[in-house]
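Trainee: Data: model20.cif, mmCIF, N, CA and C atoms and all ligand atoms.
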data_run
loop_
_atom_site.label_atom_id
_atom_site.label_comp_id
_atom_site.auth_asym_id
_atom_site.auth_seq_id
_atom_site.Cartn_x
_atom_site.Cartn_y
_atom_site.Cartn_z
N MET A 347 5.51 4.36 -5.00
CA MET A 347 6.37 3.43 -4.25
C MET A 347 7.02 2.47 -5.25
N SER A 348 8.35 2.40 -5.27
CA SER A 348 9.04 1.75 -6.37
C SER A 348 8.85 0.24 -6.41
N ASP A 349 8.67 -0.41 -5.26
CA ASP A 349 8.54 -1.87 -5.29
C ASP A 349 7.09 -2.33 -5.19
N CYS A 350 6.18 -1.45 -5.57
CA CYS A 350 4.75 -1.79 -5.51
C CYS A 350 4.23 -2.09 -6.92
N LEU A 351 3.61 -3.27 -7.08
CA LEU A 351 3.09 -3.69 -8.39
C LEU A 351 2.10 -2.68 -8.94
N PHE A 352 1.15 -2.24 -8.13
CA PHE A 352 0.11 -1.36 -8.66
C PHE A 352 0.65 0.05 -8.92
N CYS A 353 1.64 0.52 -8.14
CA CYS A 353 2.30 1.79 -8.47
C CYS A 353 3.00 1.66 -9.82
N SER A 354 3.54 0.48 -10.12
CA SER A 354 4.20 0.27 -11.42
C SER A 354 3.20 0.33 -12.56
N ILE A 355 1.98 -0.14 -12.32
CA ILE A 355 0.93 -0.02 -13.36
C ILE A 355 0.55 1.45 -13.53
N VAL A 356 0.42 2.18 -12.42
CA VAL A 356 0.12 3.62 -12.50
C VAL A 356 1.21 4.34 -13.31
N ALA A 357 2.46 3.97 -13.07
CA ALA A 357 3.60 4.62 -13.74
C ALA A 357 3.74 4.20 -15.20
N GLY A 358 3.04 3.11 -15.60
CA GLY A 358 3.15 2.60 -16.97
C GLY A 358 4.34 1.68 -17.16
N ASP A 359 4.99 1.28 -16.06
CA ASP A 359 6.15 0.39 -16.16
C ASP A 359 5.73 -1.07 -16.35
N ILE A 360 4.53 -1.40 -15.88
CA ILE A 360 3.94 -2.73 -16.07
C ILE A 360 2.60 -2.48 -16.77
N PRO A 361 2.29 -3.27 -17.83
CA PRO A 361 1.05 -3.00 -18.55
C PRO A 361 -0.18 -3.38 -17.72
N GLY A 362 -1.23 -2.63 -17.91
CA GLY A 362 -2.51 -2.94 -17.30
C GLY A 362 -3.59 -2.77 -18.35
N ASP A 363 -4.63 -3.58 -18.26
CA ASP A 363 -5.76 -3.47 -19.19
C ASP A 363 -6.72 -2.42 -18.59
N ILE A 364 -6.41 -1.17 -18.88
CA ILE A 364 -7.07 -0.05 -18.20
C ILE A 364 -8.46 0.21 -18.78
N VAL A 365 -9.43 0.32 -17.88
CA VAL A 365 -10.81 0.56 -18.32
C VAL A 365 -11.31 1.95 -17.91
N PHE A 366 -10.63 2.59 -16.97
CA PHE A 366 -11.09 3.90 -16.47
C PHE A 366 -9.92 4.59 -15.82
N GLU A 367 -9.86 5.91 -16.04
CA GLU A 367 -8.78 6.68 -15.41
C GLU A 367 -9.24 8.11 -15.26
N ASN A 368 -8.94 8.72 -14.14
CA ASN A 368 -9.06 10.16 -14.00
C ASN A 368 -7.83 10.65 -13.23
N GLU A 369 -7.87 11.86 -12.74
CA GLU A 369 -6.68 12.46 -12.11
C GLU A 369 -6.18 11.65 -10.92
N SER A 370 -7.10 11.05 -10.18
CA SER A 370 -6.70 10.45 -8.91
C SER A 370 -6.90 8.93 -8.83
N VAL A 371 -7.62 8.37 -9.79
CA VAL A 371 -8.02 6.95 -9.71
C VAL A 371 -7.71 6.25 -11.03
N LEU A 372 -7.32 4.97 -10.92
CA LEU A 372 -7.09 4.13 -12.11
C LEU A 372 -7.84 2.82 -11.91
N ALA A 373 -8.39 2.28 -12.99
CA ALA A 373 -9.06 0.97 -12.90
C ALA A 373 -8.63 0.11 -14.07
N PHE A 374 -8.36 -1.16 -13.78
CA PHE A 374 -7.88 -2.09 -14.80
C PHE A 374 -8.43 -3.48 -14.51
N ARG A 375 -8.41 -4.33 -15.54
CA ARG A 375 -8.95 -5.69 -15.38
C ARG A 375 -8.00 -6.54 -14.54
N ASP A 376 -8.60 -7.34 -13.66
CA ASP A 376 -7.81 -8.26 -12.86
C ASP A 376 -7.18 -9.30 -13.78
N ILE A 377 -5.91 -9.60 -13.53
CA ILE A 377 -5.16 -10.52 -14.39
C ILE A 377 -5.65 -11.97 -14.22
N ASP A 378 -6.34 -12.25 -13.12
CA ASP A 378 -6.84 -13.60 -12.83
C ASP A 378 -8.31 -13.47 -12.41
N PRO A 379 -9.17 -13.22 -13.39
CA PRO A 379 -10.56 -12.85 -13.06
C PRO A 379 -11.34 -13.95 -12.36
N LYS A 380 -12.10 -13.55 -11.35
CA LYS A 380 -12.94 -14.47 -10.58
C LYS A 380 -14.42 -14.36 -10.97
N ALA A 381 -14.70 -13.59 -11.99
CA ALA A 381 -16.05 -13.41 -12.50
C ALA A 381 -15.91 -12.88 -13.93
N PRO A 382 -16.99 -12.98 -14.75
CA PRO A 382 -16.88 -12.47 -16.13
C PRO A 382 -16.38 -11.03 -16.19
N THR A 383 -16.81 -10.20 -15.26
CA THR A 383 -16.23 -8.86 -15.11
C THR A 383 -15.51 -8.80 -13.77
N HIS A 384 -14.23 -8.51 -13.79
CA HIS A 384 -13.45 -8.39 -12.56
C HIS A 384 -12.44 -7.26 -12.77
N ILE A 385 -12.73 -6.15 -12.13
CA ILE A 385 -11.94 -4.94 -12.31
C ILE A 385 -11.43 -4.47 -10.95
N LEU A 386 -10.24 -3.94 -10.94
CA LEU A 386 -9.65 -3.37 -9.72
C LEU A 386 -9.61 -1.85 -9.85
N VAL A 387 -10.10 -1.17 -8.83
CA VAL A 387 -10.06 0.30 -8.78
C VAL A 387 -9.04 0.69 -7.72
N ILE A 388 -8.07 1.49 -8.11
CA ILE A 388 -7.01 1.90 -7.17
C ILE A 388 -6.85 3.42 -7.18
N PRO A 389 -6.43 3.99 -6.05
CA PRO A 389 -5.99 5.38 -6.08
C PRO A 389 -4.59 5.42 -6.71
N LYS A 390 -4.27 6.48 -7.44
CA LYS A 390 -2.93 6.59 -8.00
C LYS A 390 -1.89 6.77 -6.88
N LYS A 391 -2.34 7.38 -5.80
CA LYS A 391 -1.47 7.55 -4.62
C LYS A 391 -1.30 6.20 -3.91
N HIS A 392 -0.09 5.89 -3.48
CA HIS A 392 0.14 4.64 -2.76
C HIS A 392 -0.41 4.70 -1.33
N ILE A 393 -1.38 3.84 -1.07
CA ILE A 393 -1.91 3.64 0.29
C ILE A 393 -1.95 2.13 0.48
N ARG A 394 -1.41 1.63 1.57
CA ARG A 394 -1.22 0.19 1.72
C ARG A 394 -2.54 -0.57 1.83
N SER A 395 -3.44 -0.09 2.63
CA SER A 395 -4.72 -0.79 2.85
C SER A 395 -5.68 0.18 3.52
N ILE A 396 -6.89 -0.28 3.78
CA ILE A 396 -7.86 0.55 4.53
C ILE A 396 -7.25 1.01 5.85
N ASN A 397 -6.43 0.17 6.46
CA ASN A 397 -5.83 0.53 7.75
C ASN A 397 -4.98 1.79 7.70
N GLU A 398 -4.46 2.10 6.52
CA GLU A 398 -3.58 3.27 6.39
C GLU A 398 -4.30 4.49 5.82
N LEU A 399 -5.61 4.41 5.62
CA LEU A 399 -6.35 5.60 5.16
C LEU A 399 -6.33 6.67 6.24
N GLU A 400 -6.10 7.92 5.82
CA GLU A 400 -6.10 9.06 6.73
C GLU A 400 -7.33 9.91 6.43
N SER A 401 -7.65 10.80 7.37
CA SER A 401 -8.84 11.64 7.12
C SER A 401 -8.67 12.50 5.87
N ASP A 402 -7.42 12.82 5.52
CA ASP A 402 -7.16 13.58 4.28
C ASP A 402 -7.53 12.79 3.03
N ASP A 403 -7.68 11.48 3.16
CA ASP A 403 -7.99 10.62 2.01
C ASP A 403 -9.49 10.46 1.80
N GLN A 404 -10.27 11.23 2.53
CA GLN A 404 -11.73 11.04 2.49
C GLN A 404 -12.29 11.19 1.07
N SER A 405 -11.87 12.26 0.37
CA SER A 405 -12.44 12.47 -0.96
C SER A 405 -11.90 11.42 -1.94
N LEU A 406 -10.65 11.01 -1.75
CA LEU A 406 -10.06 9.97 -2.61
C LEU A 406 -10.83 8.65 -2.45
N ALA A 407 -11.13 8.29 -1.22
CA ALA A 407 -11.90 7.06 -0.98
C ALA A 407 -13.28 7.17 -1.63
N GLY A 408 -13.89 8.33 -1.54
CA GLY A 408 -15.18 8.54 -2.19
C GLY A 408 -15.08 8.46 -3.71
N GLU A 409 -13.97 8.96 -4.25
CA GLU A 409 -13.78 8.90 -5.71
C GLU A 409 -13.69 7.47 -6.21
N MET A 410 -13.15 6.58 -5.38
CA MET A 410 -13.10 5.16 -5.78
C MET A 410 -14.52 4.61 -5.95
N LEU A 411 -15.42 5.00 -5.08
CA LEU A 411 -16.81 4.54 -5.19
C LEU A 411 -17.52 5.17 -6.38
N ILE A 412 -17.27 6.45 -6.60
CA ILE A 412 -17.89 7.12 -7.75
C ILE A 412 -17.36 6.51 -9.06
N ALA A 413 -16.06 6.15 -9.06
CA ALA A 413 -15.49 5.47 -10.24
C ALA A 413 -16.18 4.12 -10.44
N ALA A 414 -16.45 3.41 -9.34
CA ALA A 414 -17.12 2.10 -9.44
C ALA A 414 -18.48 2.24 -10.12
N LYS A 415 -19.18 3.29 -9.77
CA LYS A 415 -20.48 3.53 -10.41
C LYS A 415 -20.32 3.69 -11.92
N SER A 416 -19.36 4.50 -12.34
CA SER A 416 -19.12 4.73 -13.78
C SER A 416 -18.70 3.45 -14.48
N ILE A 417 -17.82 2.69 -13.82
CA ILE A 417 -17.29 1.46 -14.43
C ILE A 417 -18.41 0.42 -14.58
N ALA A 418 -19.24 0.28 -13.56
CA ALA A 418 -20.35 -0.67 -13.64
C ALA A 418 -21.26 -0.34 -14.82
N LYS A 419 -21.49 0.93 -15.03
CA LYS A 419 -22.33 1.33 -16.17
C LYS A 419 -21.62 1.03 -17.49
N LEU A 420 -20.33 1.40 -17.56
CA LEU A 420 -19.55 1.14 -18.79
C LEU A 420 -19.52 -0.35 -19.12
N GLU A 421 -19.44 -1.19 -18.10
CA GLU A 421 -19.34 -2.64 -18.29
C GLU A 421 -20.70 -3.31 -18.45
N GLY A 422 -21.78 -2.53 -18.26
CA GLY A 422 -23.14 -3.05 -18.43
C GLY A 422 -23.58 -3.98 -17.32
N ILE A 423 -23.04 -3.76 -16.12
CA ILE A 423 -23.43 -4.61 -14.99
C ILE A 423 -24.13 -3.80 -13.90
N ASP A 424 -24.45 -2.56 -14.19
CA ASP A 424 -25.08 -1.72 -13.16
C ASP A 424 -26.47 -2.25 -12.82
N ASP A 425 -27.26 -2.62 -13.81
CA ASP A 425 -28.62 -3.10 -13.53
C ASP A 425 -28.63 -4.54 -13.04
N SER A 426 -27.82 -5.39 -13.65
CA SER A 426 -27.80 -6.81 -13.23
C SER A 426 -27.20 -6.94 -11.84
N GLY A 427 -26.26 -6.08 -11.52
CA GLY A 427 -25.68 -6.06 -10.18
C GLY A 427 -24.23 -6.47 -10.16
N PHE A 428 -23.60 -6.18 -9.07
CA PHE A 428 -22.16 -6.46 -8.95
C PHE A 428 -21.80 -6.40 -7.47
N ARG A 429 -20.58 -6.86 -7.18
CA ARG A 429 -20.09 -6.82 -5.80
C ARG A 429 -18.80 -5.99 -5.75
N THR A 430 -18.65 -5.21 -4.69
CA THR A 430 -17.41 -4.46 -4.47
C THR A 430 -16.79 -4.99 -3.18
N VAL A 431 -15.47 -5.22 -3.24
CA VAL A 431 -14.76 -5.84 -2.12
C VAL A 431 -13.41 -5.16 -1.90
N PHE A 432 -13.11 -4.86 -0.64
CA PHE A 432 -11.76 -4.45 -0.24
C PHE A 432 -11.22 -5.56 0.67
N ASN A 433 -10.19 -6.25 0.27
CA ASN A 433 -9.54 -7.23 1.16
C ASN A 433 -8.46 -6.51 1.96
N THR A 434 -8.39 -6.82 3.26
CA THR A 434 -7.40 -6.16 4.12
C THR A 434 -6.62 -7.17 4.94
N ASN A 435 -5.30 -7.14 4.74
CA ASN A 435 -4.36 -7.98 5.50
C ASN A 435 -4.69 -9.48 5.41
N ASP A 436 -4.11 -10.28 6.26
CA ASP A 436 -4.15 -11.74 6.10
C ASP A 436 -5.55 -12.33 6.10
N ASP A 437 -6.32 -12.03 7.16
CA ASP A 437 -7.65 -12.63 7.24
C ASP A 437 -8.55 -12.15 6.10
N GLY A 438 -8.30 -10.94 5.62
CA GLY A 438 -9.10 -10.42 4.51
C GLY A 438 -8.68 -10.99 3.17
N GLY A 439 -7.52 -11.64 3.12
CA GLY A 439 -7.04 -12.24 1.87
C GLY A 439 -6.30 -11.26 0.97
N GLN A 440 -5.79 -10.18 1.53
CA GLN A 440 -5.07 -9.20 0.71
C GLN A 440 -3.72 -9.76 0.28
N THR A 441 -3.43 -9.67 -1.01
CA THR A 441 -2.14 -10.16 -1.53
C THR A 441 -1.31 -9.04 -2.16
N VAL A 442 -1.96 -7.96 -2.58
CA VAL A 442 -1.24 -6.80 -3.12
C VAL A 442 -1.50 -5.63 -2.18
N PHE A 443 -0.41 -5.07 -1.64
CA PHE A 443 -0.55 -4.10 -0.56
C PHE A 443 -0.49 -2.66 -1.09
N HIS A 444 -1.38 -2.41 -2.04
CA HIS A 444 -1.75 -1.07 -2.52
C HIS A 444 -3.27 -1.15 -2.55
N ILE A 445 -3.92 -0.34 -1.76
CA ILE A 445 -5.37 -0.46 -1.57
C ILE A 445 -6.10 -0.55 -2.92
N HIS A 446 -7.06 -1.45 -3.00
CA HIS A 446 -7.82 -1.62 -4.24
C HIS A 446 -9.21 -2.13 -3.93
N MET A 447 -10.13 -1.73 -4.75
CA MET A 447 -11.51 -2.21 -4.66
C MET A 447 -11.76 -3.15 -5.83
N HIS A 448 -12.15 -4.38 -5.51
CA HIS A 448 -12.57 -5.31 -6.56
C HIS A 448 -14.00 -4.97 -6.98
N ILE A 449 -14.25 -4.98 -8.28
CA ILE A 449 -15.62 -4.94 -8.80
C ILE A 449 -15.83 -6.25 -9.54
N LEU A 450 -16.80 -7.03 -9.05
CA LEU A 450 -17.06 -8.36 -9.62
C LEU A 450 -18.50 -8.39 -10.12
N GLY A 451 -18.68 -8.85 -11.35
CA GLY A 451 -20.03 -8.90 -11.88
C GLY A 451 -20.12 -9.86 -13.05
N GLY A 452 -21.33 -9.97 -13.60
CA GLY A 452 -21.55 -10.84 -14.75
C GLY A 452 -21.95 -12.24 -14.36
N ARG A 453 -22.10 -12.50 -13.08
CA ARG A 453 -22.64 -13.78 -12.60
C ARG A 453 -23.26 -13.54 -11.23
N GLN A 454 -24.06 -14.53 -10.78
CA GLN A 454 -24.67 -14.44 -9.45
C GLN A 454 -23.60 -14.64 -8.38
N MET A 455 -23.47 -13.70 -7.47
CA MET A 455 -22.54 -13.84 -6.34
C MET A 455 -23.22 -14.63 -5.23
N THR A 456 -22.41 -15.28 -4.42
CA THR A 456 -22.97 -16.02 -3.28
C THR A 456 -22.64 -15.31 -1.98
N TRP A 457 -23.40 -15.65 -0.96
CA TRP A 457 -23.18 -15.06 0.37
C TRP A 457 -23.42 -16.14 1.41
N PRO A 458 -22.62 -16.34 2.44
CA PRO A 458 -21.44 -15.51 2.74
C PRO A 458 -20.28 -15.82 1.81
N PRO A 459 -19.35 -14.85 1.66
CA PRO A 459 -18.16 -15.08 0.86
C PRO A 459 -17.24 -16.10 1.54
N GLY A 460 -16.37 -16.70 0.78
CA GLY A 460 -15.46 -17.71 1.34
C GLY A 460 -14.38 -17.09 2.20
P1 LIG B 501 -6.09 -8.98 -3.26
O1 LIG B 501 -5.91 -10.46 -3.12
O2 LIG B 501 -7.39 -8.46 -2.73
O3 LIG B 501 -4.89 -8.22 -2.73
O4 LIG B 501 -6.20 -8.70 -4.82
C1 LIG B 501 -5.09 -8.57 -5.65
C2 LIG B 501 -5.56 -8.85 -7.04
O5 LIG B 501 -4.59 -8.37 -7.94
C3 LIG B 501 -5.77 -10.33 -7.35
O6 LIG B 501 -7.13 -10.57 -7.71
C4 LIG B 501 -4.82 -10.58 -8.52
O7 LIG B 501 -5.35 -11.46 -9.47
C5 LIG B 501 -4.63 -9.19 -9.08
N1 LIG B 501 -3.39 -8.95 -9.80
C6 LIG B 501 -2.14 -9.35 -9.45
N2 LIG B 501 -1.25 -8.92 -10.35
C7 LIG B 501 -1.95 -8.22 -11.29
C8 LIG B 501 -1.59 -7.51 -12.49
N3 LIG B 501 -0.32 -7.43 -12.91
N4 LIG B 501 -2.58 -6.93 -13.20
C9 LIG B 501 -3.86 -7.00 -12.80
N5 LIG B 501 -4.26 -7.64 -11.68
C10 LIG B 501 -3.31 -8.25 -10.94
ZN ZN B 502 1.53 1.27 -4.62
#
Before anything else, please render the file you have as structure tokens.

Mentor:
Amino acid sequence: MSDCLFCSIVAGDIPGDIVFENESVLAFRDIDPKAPTHILVIPKKHIRSINELESDDQSLAGEMLIAAKSIAKLEGIDDSGFRTVFNTNDDGGQTVFHIHMHILGGRQMTWPPG
């Protein structure tokens, strides 16, 4: 999608600090980190949010989670722990409308989230 920030990172038109990539998924560091480790995992395919996931996207959605496992290990936060978050639409706090999973780690998370 031409006017999508994260599609532009996938295309290489905007730089991203990429930490993981495979055929279907890309992960890069958040430009405004909210924790010592803050990484975004996205599908290379443009999907606006969880609301637009189709049943055909089942394996892609699973690949995002499997990527999170690999990234947590690469970043050394698998044992200490981490949080994964999908924000959706206004109440969820979504600001970039290309589905992404936040991986946050390197500090104690609090609950409930703000
Ligand atoms: P959300 O608010 O859940 O939609 O998350 C969007 C995230 O994208 C925010 O945490 C932003 O800091 C992050 N972000 C925005 N622009 C960029 C960029 N060019 N590179 C990396 N992360 C970005
Ligand atoms: Zn996109």

Trainee: Report, in Å to a single decimal, how far apart atom C of Gly460 of chain A and atom N of Phe366 of chain A are.

Mentor: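 It comes out at 27.7 Å.
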
Trainee: Which residues come within 8 Å of Phe352 of chain A, counting only C-alpha atoms, excluding same-chain residues fewer than 2 positions away, as a ChimeraX atom specification?

Mentor: /A:350,354-356,388,442,444

Trainee: With distances taken over all atoms listed in the file, which of A:Ala418, A:Leu399, A:Leu372, A:Met447 is nearest to ligand LIG 501 (chain B)?

Mentor: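 Among the listed residues, A:Met447 lies closest to ligand LIG 501 (chain B).
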
Trainee: Could you pull out the residues sitting within 7 Å of ligand LIG 501 (chain B), using all atoms listed in the file, and write them as a list in words?

Mentor: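 The neighbouring residues of ligand LIG 501 (chain B) are, in order, Leu351, Ile360, Pro361, Gly362, Asp363, Phe374, Arg375, Asp376, Ile377, Asp378, Pro379, Lys380, Val431, Phe432, Asn433, Thr434, Gly438, Gly439, Gln440, Thr441, Val442, Phe443, His444, His446 and His448 of chain A.
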
Trainee: From the DSSP assignment of the backbone, select every residue of chain A that is helix (DSSP H, G or I), and format the answer as a PDB file with N, CA and C atoms, in the coordinates of the input.

Mentor:
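The resulting result.pdb:
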ATOM      1  N   LEU A 351       3.610  -3.270  -7.080  1.00  0.00           N
ATOM      2  CA  LEU A 351       3.090  -3.690  -8.390  1.00  0.00           C
ATOM      3  C   LEU A 351       2.100  -2.680  -8.940  1.00  0.00           C
ATOM      4  N   PHE A 352       1.150  -2.240  -8.130  1.00  0.00           N
ATOM      5  CA  PHE A 352       0.110  -1.360  -8.660  1.00  0.00           C
ATOM      6  C   PHE A 352       0.650   0.050  -8.920  1.00  0.00           C
ATOM      7  N   CYS A 353       1.640   0.520  -8.140  1.00  0.00           N
ATOM      8  CA  CYS A 353       2.300   1.790  -8.470  1.00  0.00           C
ATOM      9  C   CYS A 353       3.000   1.660  -9.820  1.00  0.00           C
ATOM     10  N   SER A 354       3.540   0.480 -10.120  1.00  0.00           N
ATOM     11  CA  SER A 354       4.200   0.270 -11.420  1.00  0.00           C
ATOM     12  C   SER A 354       3.200   0.330 -12.560  1.00  0.00           C
ATOM     13  N   ILE A 355       1.980  -0.140 -12.320  1.00  0.00           N
ATOM     14  CA  ILE A 355       0.930  -0.020 -13.360  1.00  0.00           C
ATOM     15  C   ILE A 355       0.550   1.450 -13.530  1.00  0.00           C
ATOM     16  N   VAL A 356       0.420   2.180 -12.420  1.00  0.00           N
ATOM     17  CA  VAL A 356       0.120   3.620 -12.500  1.00  0.00           C
ATOM     18  C   VAL A 356       1.210   4.340 -13.310  1.00  0.00           C
ATOM     19  N   ALA A 357       2.460   3.970 -13.070  1.00  0.00           N
ATOM     20  CA  ALA A 357       3.600   4.620 -13.740  1.00  0.00           C
ATOM     21  C   ALA A 357       3.740   4.200 -15.200  1.00  0.00           C
ATOM     22  N   ILE A 396      -6.890  -0.280   3.780  1.00  0.00           N
ATOM     23  CA  ILE A 396      -7.860   0.550   4.530  1.00  0.00           C
ATOM     24  C   ILE A 396      -7.250   1.010   5.850  1.00  0.00           C
ATOM     25  N   ASN A 397      -6.430   0.170   6.460  1.00  0.00           N
ATOM     26  CA  ASN A 397      -5.830   0.530   7.750  1.00  0.00           C
ATOM     27  C   ASN A 397      -4.980   1.790   7.700  1.00  0.00           C
ATOM     28  N   GLU A 398      -4.460   2.100   6.520  1.00  0.00           N
ATOM     29  CA  GLU A 398      -3.580   3.270   6.390  1.00  0.00           C
ATOM     30  C   GLU A 398      -4.300   4.490   5.820  1.00  0.00           C
ATOM     31  N   SER A 401      -7.650  10.800   7.370  1.00  0.00           N
ATOM     32  CA  SER A 401      -8.840  11.640   7.120  1.00  0.00           C
ATOM     33  C   SER A 401      -8.670  12.500   5.870  1.00  0.00           C
ATOM     34  N   ASP A 402      -7.420  12.820   5.520  1.00  0.00           N
ATOM     35  CA  ASP A 402      -7.160  13.580   4.280  1.00  0.00           C
ATOM     36  C   ASP A 402      -7.530  12.790   3.030  1.00  0.00           C
ATOM     37  N   ASP A 403      -7.680  11.480   3.160  1.00  0.00           N
ATOM     38  CA  ASP A 403      -7.990  10.620   2.010  1.00  0.00           C
ATOM     39  C   ASP A 403      -9.490  10.460   1.800  1.00  0.00           C
ATOM     40  N   GLN A 404     -10.270  11.230   2.530  1.00  0.00           N
ATOM     41  CA  GLN A 404     -11.730  11.040   2.490  1.00  0.00           C
ATOM     42  C   GLN A 404     -12.290  11.190   1.070  1.00  0.00           C
ATOM     43  N   SER A 405     -11.870  12.260   0.370  1.00  0.00           N
ATOM     44  CA  SER A 405     -12.440  12.470  -0.960  1.00  0.00           C
ATOM     45  C   SER A 405     -11.900  11.420  -1.940  1.00  0.00           C
ATOM     46  N   LEU A 406     -10.650  11.010  -1.750  1.00  0.00           N
ATOM     47  CA  LEU A 406     -10.060   9.970  -2.610  1.00  0.00           C
ATOM     48  C   LEU A 406     -10.830   8.650  -2.450  1.00  0.00           C
ATOM     49  N   ALA A 407     -11.130   8.290  -1.220  1.00  0.00           N
ATOM     50  CA  ALA A 407     -11.900   7.060  -0.980  1.00  0.00           C
ATOM     51  C   ALA A 407     -13.280   7.170  -1.630  1.00  0.00           C
ATOM     52  N   GLY A 408     -13.890   8.330  -1.540  1.00  0.00           N
ATOM     53  CA  GLY A 408     -15.180   8.540  -2.190  1.00  0.00           C
ATOM     54  C   GLY A 408     -15.080   8.460  -3.710  1.00  0.00           C
ATOM     55  N   GLU A 409     -13.970   8.960  -4.250  1.00  0.00           N
ATOM     56  CA  GLU A 409     -13.780   8.900  -5.710  1.00  0.00           C
ATOM     57  C   GLU A 409     -13.690   7.470  -6.210  1.00  0.00           C
ATOM     58  N   MET A 410     -13.150   6.580  -5.380  1.00  0.00           N
ATOM     59  CA  MET A 410     -13.100   5.160  -5.780  1.00  0.00           C
ATOM     60  C   MET A 410     -14.520   4.610  -5.950  1.00  0.00           C
ATOM     61  N   LEU A 411     -15.420   5.000  -5.080  1.00  0.00           N
ATOM     62  CA  LEU A 411     -16.810   4.540  -5.190  1.00  0.00           C
ATOM     63  C   LEU A 411     -17.520   5.170  -6.380  1.00  0.00           C
ATOM     64  N   ILE A 412     -17.270   6.450  -6.600  1.00  0.00           N
ATOM     65  CA  ILE A 412     -17.890   7.120  -7.750  1.00  0.00           C
ATOM     66  C   ILE A 412     -17.360   6.510  -9.060  1.00  0.00           C
ATOM     67  N   ALA A 413     -16.060   6.150  -9.060  1.00  0.00           N
ATOM     68  CA  ALA A 413     -15.490   5.470 -10.240  1.00  0.00           C
ATOM     69  C   ALA A 413     -16.180   4.120 -10.440  1.00  0.00           C
ATOM     70  N   ALA A 414     -16.450   3.410  -9.340  1.00  0.00           N
ATOM     71  CA  ALA A 414     -17.120   2.100  -9.440  1.00  0.00           C
ATOM     72  C   ALA A 414     -18.480   2.240 -10.120  1.00  0.00           C
ATOM     73  N   LYS A 415     -19.180   3.290  -9.770  1.00  0.00           N
ATOM     74  CA  LYS A 415     -20.480   3.530 -10.410  1.00  0.00           C
ATOM     75  C   LYS A 415     -20.320   3.690 -11.920  1.00  0.00           C
ATOM     76  N   SER A 416     -19.360   4.500 -12.340  1.00  0.00           N
ATOM     77  CA  SER A 416     -19.120   4.730 -13.780  1.00  0.00           C
ATOM     78  C   SER A 416     -18.700   3.450 -14.480  1.00  0.00           C
ATOM     79  N   ILE A 417     -17.820   2.690 -13.820  1.00  0.00           N
ATOM     80  CA  ILE A 417     -17.290   1.460 -14.430  1.00  0.00           C
ATOM     81  C   ILE A 417     -18.410   0.420 -14.580  1.00  0.00           C
ATOM     82  N   ALA A 418     -19.240   0.280 -13.560  1.00  0.00           N
ATOM     83  CA  ALA A 418     -20.350  -0.670 -13.640  1.00  0.00           C
ATOM     84  C   ALA A 418     -21.260  -0.340 -14.820  1.00  0.00           C
ATOM     85  N   LYS A 419     -21.490   0.930 -15.030  1.00  0.00           N
ATOM     86  CA  LYS A 419     -22.330   1.330 -16.170  1.00  0.00           C
ATOM     87  C   LYS A 419     -21.620   1.030 -17.490  1.00  0.00           C
ATOM     88  N   LEU A 420     -20.330   1.400 -17.560  1.00  0.00           N
ATOM     89  CA  LEU A 420     -19.550   1.140 -18.790  1.00  0.00           C
ATOM     90  C   LEU A 420     -19.520  -0.350 -19.120  1.00  0.00           C
ATOM     91  N   GLU A 421     -19.440  -1.190 -18.100  1.00  0.00           N
ATOM     92  CA  GLU A 421     -19.340  -2.640 -18.290  1.00  0.00           C
ATOM     93  C   GLU A 421     -20.700  -3.310 -18.450  1.00  0.00           C
ATOM     94  N   ASN A 435      -5.300  -7.140   4.740  1.00  0.00           N
ATOM     95  CA  ASN A 435      -4.360  -7.980   5.500  1.00  0.00           C
ATOM     96  C   ASN A 435      -4.690  -9.480   5.410  1.00  0.00           C
ATOM     97  N   ASP A 436      -4.110 -10.280   6.260  1.00  0.00           N
ATOM     98  CA  ASP A 436      -4.150 -11.740   6.100  1.00  0.00           C
ATOM     99  C   ASP A 436      -5.550 -12.330   6.100  1.00  0.00           C
ATOM    100  N   ASP A 437      -6.320 -12.030   7.160  1.00  0.00           N
ATOM    101  CA  ASP A 437      -7.650 -12.630   7.240  1.00  0.00           C
ATOM    102  C   ASP A 437      -8.550 -12.150   6.100  1.00  0.00           C
ATOM    103  N   GLY A 438      -8.300 -10.940   5.620  1.00  0.00           N
ATOM    104  CA  GLY A 438      -9.100 -10.420   4.510  1.00  0.00           C
ATOM    105  C   GLY A 438      -8.680 -10.990   3.170  1.00  0.00           C
TER     106      GLY A 438
END

Trainee: Provide the atom C of Glu421 of chain A to atom C of Ala373 of chain A distance in Å, to one decimal place.

Mentor: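 According to the coordinates, atom C of Glu421 of chain A and atom C of Ala373 of chain A are separated by 13.3 Å.
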
Trainee: When distances are computed from all atoms listed in the file, which of A:Ile423, A:Lys391, A:Val365, A:Ala381 shows the smallest separation from ligand ZN 502 (chain B)?

Mentor: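 Closest residue, counting all atoms listed in the file: A:Lys391.
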
Trainee: I'd like the interatomic distance between atom N of Ile412 of chain A and atom N of Arg394 of chain A, to a tenth of an Å.

Mentor: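 Spanning atom N of Ile412 of chain A to atom N of Arg394 of chain A is a straight-line distance of 18.5 Å.
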
Trainee: Compare A:Ala407, A:Ile417, A:Leu450, A:Ile393 by their minimum atom-to-atom distance to Thr430 of chain A, counting all atoms listed in the file, and give me the closest one.

Mentor: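 The answer is A:Leu450, which sits nearest to Thr430 of chain A.
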
Trainee: Could you check the closest approach to ligand ZN 502 (chain B) for each of A:Asn435, A:Asp425, A:Pro389, A:Asn368 and tell me which residue wins, using all atoms listed in the file?

Mentor: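 Nearest to ligand ZN 502 (chain B): A:Pro389.
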
Trainee: Would you mind telling me which residue in A:Ser395, A:Ile385, A:Thr456, A:Leu420 lies nearest to ligand ZN 502 (chain B) when using only C-alpha atoms and all ligand atoms?

Mentor: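 Nearest to ligand ZN 502 (chain B): A:Ser395.
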
Trainee: Between A:Val387, A:Ser370, A:Met410, A:Ile445, which one has atoms that come closest to ligand ZN 502 (chain B), using all atoms listed in the file?

Mentor: A:Ile445
